[in-house]
$ cat entry-v8.cif   # mmCIF, C-alpha atoms
data_upload
#
loop_
_atom_site.group_PDB
_atom_site.id
_atom_site.type_symbol
_atom_site.label_atom_id
_atom_site.label_comp_id
_atom_site.auth_asym_id
_atom_site.auth_seq_id
_atom_site.Cartn_x
_atom_site.Cartn_y
_atom_site.Cartn_z
ATOM 1 C CA MET A 1 0.000 0.000 0.000
ATOM 2 C CA SER A 2 2.756 2.430 0.903
ATOM 3 C CA ARG A 3 4.486 1.901 -2.471
ATOM 4 C CA LEU A 4 1.283 2.625 -4.377
ATOM 5 C CA LEU A 5 0.449 5.678 -2.287
ATOM 6 C CA ALA A 6 4.024 6.965 -2.672
ATOM 7 C CA GLY A 7 3.864 6.481 -6.446
ATOM 8 C CA GLU A 8 6.644 3.866 -6.388
ATOM 9 C CA PRO A 9 4.986 0.608 -7.446
ATOM 10 C CA LEU A 10 7.102 -2.452 -8.206
ATOM 11 C CA HIS A 11 4.507 -4.786 -9.703
ATOM 12 C CA THR A 12 1.770 -2.588 -11.204
ATOM 13 C CA ASP A 13 1.142 0.495 -13.303
ATOM 14 C CA GLY A 14 0.624 2.528 -10.122
ATOM 15 C CA ALA A 15 -3.125 3.115 -10.441
ATOM 16 C CA LEU A 16 -4.732 3.349 -7.024
ATOM 17 C CA THR A 17 -7.008 0.342 -7.307
ATOM 18 C CA LYS A 18 -7.659 -2.541 -4.958
ATOM 19 C CA GLU A 19 -6.601 -4.888 -7.738
ATOM 20 C CA ASN A 20 -3.219 -3.160 -7.869
ATOM 21 C CA LEU A 21 -3.077 -3.259 -4.077
ATOM 22 C CA ALA A 22 -3.364 -7.051 -4.295
ATOM 23 C CA ARG A 23 -0.744 -7.256 -7.028
ATOM 24 C CA GLU A 24 1.714 -5.082 -5.109
ATOM 25 C CA ALA A 25 1.221 -7.251 -2.027
ATOM 26 C CA LYS A 26 1.517 -10.396 -4.206
ATOM 27 C CA VAL A 27 -1.744 -11.804 -2.847
ATOM 28 C CA SER A 28 -5.006 -12.728 -4.526
ATOM 29 C CA HIS A 29 -7.800 -10.254 -5.090
ATOM 30 C CA ALA A 30 -9.946 -12.340 -2.725
ATOM 31 C CA THR A 31 -7.309 -12.117 0.020
ATOM 32 C CA VAL A 32 -7.345 -8.332 -0.173
ATOM 33 C CA HIS A 33 -11.136 -8.299 0.136
ATOM 34 C CA ARG A 34 -10.991 -10.502 3.221
ATOM 35 C CA ALA A 35 -8.554 -8.086 4.926
ATOM 36 C CA GLU A 36 -11.166 -5.646 6.181
ATOM 37 C CA GLY A 37 -8.713 -3.599 8.217
ATOM 38 C CA ILE A 38 -6.447 -3.075 5.203
ATOM 39 C CA LEU A 39 -9.436 -2.129 3.039
ATOM 40 C CA ALA A 40 -10.649 0.380 5.605
ATOM 41 C CA GLU A 41 -7.188 1.943 5.708
ATOM 42 C CA TRP A 42 -7.047 1.944 1.885
ATOM 43 C CA ASP A 43 -10.449 3.612 1.587
ATOM 44 C CA ALA A 44 -9.429 6.238 4.133
ATOM 45 C CA LYS A 45 -6.217 7.065 2.255
ATOM 46 C CA VAL A 46 -7.525 6.903 -1.313
ATOM 47 C CA ALA A 47 -9.867 9.820 -1.991
ATOM 48 C CA ARG A 48 -12.159 8.032 -4.433
ATOM 49 C CA PRO A 49 -11.851 4.294 -4.719
ATOM 50 C CA VAL A 50 -12.105 3.204 -8.337
ATOM 51 C CA LEU A 51 -15.200 1.143 -8.983
ATOM 52 C CA ARG A 52 -15.014 -1.803 -11.286
ATOM 53 C CA THR A 53 -17.299 -1.949 -14.261
ATOM 54 C CA PRO A 54 -19.940 -4.682 -14.383
ATOM 55 C CA GLY A 55 -17.835 -6.383 -17.056
ATOM 56 C CA GLU A 56 -14.789 -6.362 -14.781
ATOM 57 C CA VAL A 57 -16.846 -7.729 -11.897
ATOM 58 C CA GLN A 58 -18.193 -10.517 -14.113
ATOM 59 C CA ARG A 59 -14.689 -11.254 -15.424
ATOM 60 C CA ASP A 60 -13.266 -11.465 -11.906
ATOM 61 C CA ASP A 61 -16.141 -13.678 -10.759
ATOM 62 C CA THR A 62 -15.595 -15.969 -13.747
ATOM 63 C CA ILE A 63 -11.874 -16.158 -13.034
ATOM 64 C CA ALA A 64 -12.539 -16.961 -9.373
ATOM 65 C CA GLU A 65 -14.992 -19.726 -10.342
ATOM 66 C CA LEU A 66 -12.577 -21.191 -12.895
ATOM 67 C CA ARG A 67 -9.778 -21.175 -10.330
ATOM 68 C CA LYS A 68 -12.050 -23.002 -7.888
ATOM 69 C CA GLN A 69 -12.894 -25.596 -10.547
ATOM 70 C CA LEU A 70 -9.200 -25.997 -11.361
ATOM 71 C CA ARG A 71 -8.341 -26.566 -7.676
ATOM 72 C CA GLU A 72 -11.087 -29.200 -7.440
ATOM 73 C CA ALA A 73 -9.919 -30.913 -10.647
ATOM 74 C CA LYS A 74 -6.326 -30.970 -9.409
ATOM 75 C CA ALA A 75 -7.479 -32.535 -6.134
ATOM 76 C CA GLN A 76 -9.346 -35.231 -8.079
ATOM 77 C CA VAL A 77 -6.300 -35.901 -10.254
ATOM 78 C CA THR A 78 -4.126 -36.231 -7.157
ATOM 79 C CA GLU A 79 -6.599 -38.689 -5.617
ATOM 80 C CA VAL A 80 -6.848 -40.795 -8.773
ATOM 81 C CA GLN A 81 -3.055 -40.762 -9.209
ATOM 82 C CA GLY A 82 -2.683 -42.071 -5.660
ATOM 83 C CA LYS A 83 -5.109 -44.903 -6.389
ATOM 84 C CA PHE A 84 -3.316 -45.664 -9.651
ATOM 85 C CA ASP A 85 0.052 -45.801 -7.890
ATOM 86 C CA ALA A 86 -1.371 -48.143 -5.245
ATOM 87 C CA LEU A 87 -2.819 -50.438 -7.917
ATOM 88 C CA ALA A 88 0.479 -50.447 -9.792
ATOM 89 C CA ALA A 89 2.290 -51.498 -6.604
ATOM 90 C CA VAL A 90 -0.210 -54.284 -5.948
ATOM 91 C CA SER A 91 0.085 -55.496 -9.560
ATOM 92 C CA ALA A 92 3.884 -55.514 -9.349
ATOM 93 C CA ASN A 93 3.761 -57.501 -6.106
ATOM 94 C CA LEU A 94 1.341 -60.036 -7.586
ATOM 95 C CA TYR A 95 3.536 -60.392 -10.670
ATOM 96 C CA HIS A 96 6.624 -61.118 -8.572
ATOM 97 C CA GLU A 97 4.729 -63.530 -6.321
ATOM 98 C CA ASN A 98 3.487 -65.329 -9.421
ATOM 99 C CA LEU A 99 7.048 -65.641 -10.760
ATOM 100 C CA ALA A 100 8.268 -66.968 -7.408
ATOM 101 C CA LEU A 101 5.486 -69.553 -7.301
ATOM 102 C CA LYS A 102 6.242 -70.649 -10.869
ATOM 103 C CA ARG A 103 9.923 -71.066 -9.973
ATOM 104 C CA LYS A 104 8.968 -73.023 -6.868
ATOM 105 C CA LEU A 105 6.824 -75.375 -8.939
ATOM 106 C CA GLY A 106 9.589 -75.757 -11.498
ATOM 107 C CA ASN A 107 9.296 -78.891 -13.586
ATOM 108 C CA SER A 108 7.238 -80.715 -11.012
ATOM 109 C CA ARG A 109 4.022 -79.249 -12.229
ATOM 110 C CA ARG A 110 1.274 -81.668 -11.523
ATOM 111 C CA LEU A 111 -1.951 -80.203 -12.571
ATOM 112 C CA ALA A 112 -5.066 -82.048 -11.686
ATOM 113 C CA SER A 113 -7.851 -81.883 -14.191
ATOM 114 C CA ILE A 114 -11.229 -80.866 -12.980
ATOM 115 C CA PRO A 115 -13.908 -83.309 -14.023
ATOM 116 C CA ALA A 116 -16.545 -81.784 -16.229
ATOM 117 C CA GLN A 117 -20.026 -81.856 -14.880
ATOM 118 C CA GLY A 118 -22.689 -82.280 -17.357
#

$ encode --input "entry-v8.cif" --output "structure tokens"
Amino acid sequence: MSRLLAGEPLHTDGALTKENLAREAKVSHATVHRAEGILAEWDAKVARPVLRTPGEVQRDDTIAELRKQLREAKAQVTEVQGKFDALAAVSANLYHENLALKRKLGNSRRLASIPAQG
């Protein structure tokens, strides 16, 4: 906030907007809006807060929703990957157990036939 108010921004064009406040602080727009004390201080120091147009509000809402969906999708991918890894480990163990059993049987395989019922 102090960089923006002093006209010395590092990460924005210097416009006195809450969006730029978030960018300067390197936090999300939502984080800034949850920091009520910071917003109150901002509103007291900035003569006229810049209002976002309805299009900007809709854009930001869409972005927030898409980010939420992305987080949920990533969580699902992580869960499925964990299950896949567990199944791969089980399959590998079964494969090696099968090889060991085949070696143990060796040439002495005596398979009994199952009588057909009819």

$ residues_around --input "entry-v8.cif" --residues "Glu24 of chain A" --least-positions-apart "3" --cutoff "7 Å" --atoms "all atoms listed in the file" --output "list in words"
Pro9, Leu10, His11, Thr12, Asn20 and Leu21 of chain A

$ write_last_selection --input "entry-v8.cif" --atoms "C-alpha atoms" --output "PDB file, keeping the file's coordinate frame"
ATOM      1  CA  PRO A   9       4.986   0.608  -7.446  1.00  0.00           C
ATOM      2  CA  LEU A  10       7.102  -2.452  -8.206  1.00  0.00           C
ATOM      3  CA  HIS A  11       4.507  -4.786  -9.703  1.00  0.00           C
ATOM      4  CA  THR A  12       1.770  -2.588 -11.204  1.00  0.00           C
ATOM      5  CA  ASN A  20      -3.219  -3.160  -7.869  1.00  0.00           C
ATOM      6  CA  LEU A  21      -3.077  -3.259  -4.077  1.00  0.00           C
TER       7      LEU A  21
END

$ closest_residue --input "entry-v8.cif" --among "A:Met1, A:Asn93, A:Asp13, A:Glu19" --to "Leu51 of chain A" --atoms "only C-alpha atoms"
A:Glu19

$ atom_distance --input "entry-v8.cif" --atom1 "atom CA of Leu5 of chain A" --atom2 "atom CA of Ala40 of chain A"
14.6 Å

$ atom_distance --input "entry-v8.cif" --atom1 "atom CA of Arg3 of chain A" --atom2 "atom CA of Leu16 of chain A"
10.4 Å

$ closest_residue --input "entry-v8.cif" --among "A:Lys68, A:Ala100, A:Thr17, A:Glu79" --to "Asp43 of chain A" --atoms "only C-alpha atoms"
A:Thr17

$ atom_distance --input "entry-v8.cif" --atom1 "atom CA of Lys26 of chain A" --atom2 "atom CA of Gly7 of chain A"
17.2 Å

$ axis_aligned_box --input "entry-v8.cif" --around "segment 76-92 of chain A" --padding-each-side "6 Å" --output "lines of an AutoDock Vina configuration file"
center_x = -2.7
center_y = -45.4
center_z = -7.7
size_x = 25.2
size_y = 32.3
size_z = 17.0

$ closest_residue --input "entry-v8.cif" --among "A:Ala89, A:Ala64, A:Leu94, A:Leu105" --to "Ala30 of chain A" --atoms "only C-alpha atoms"
A:Ala64
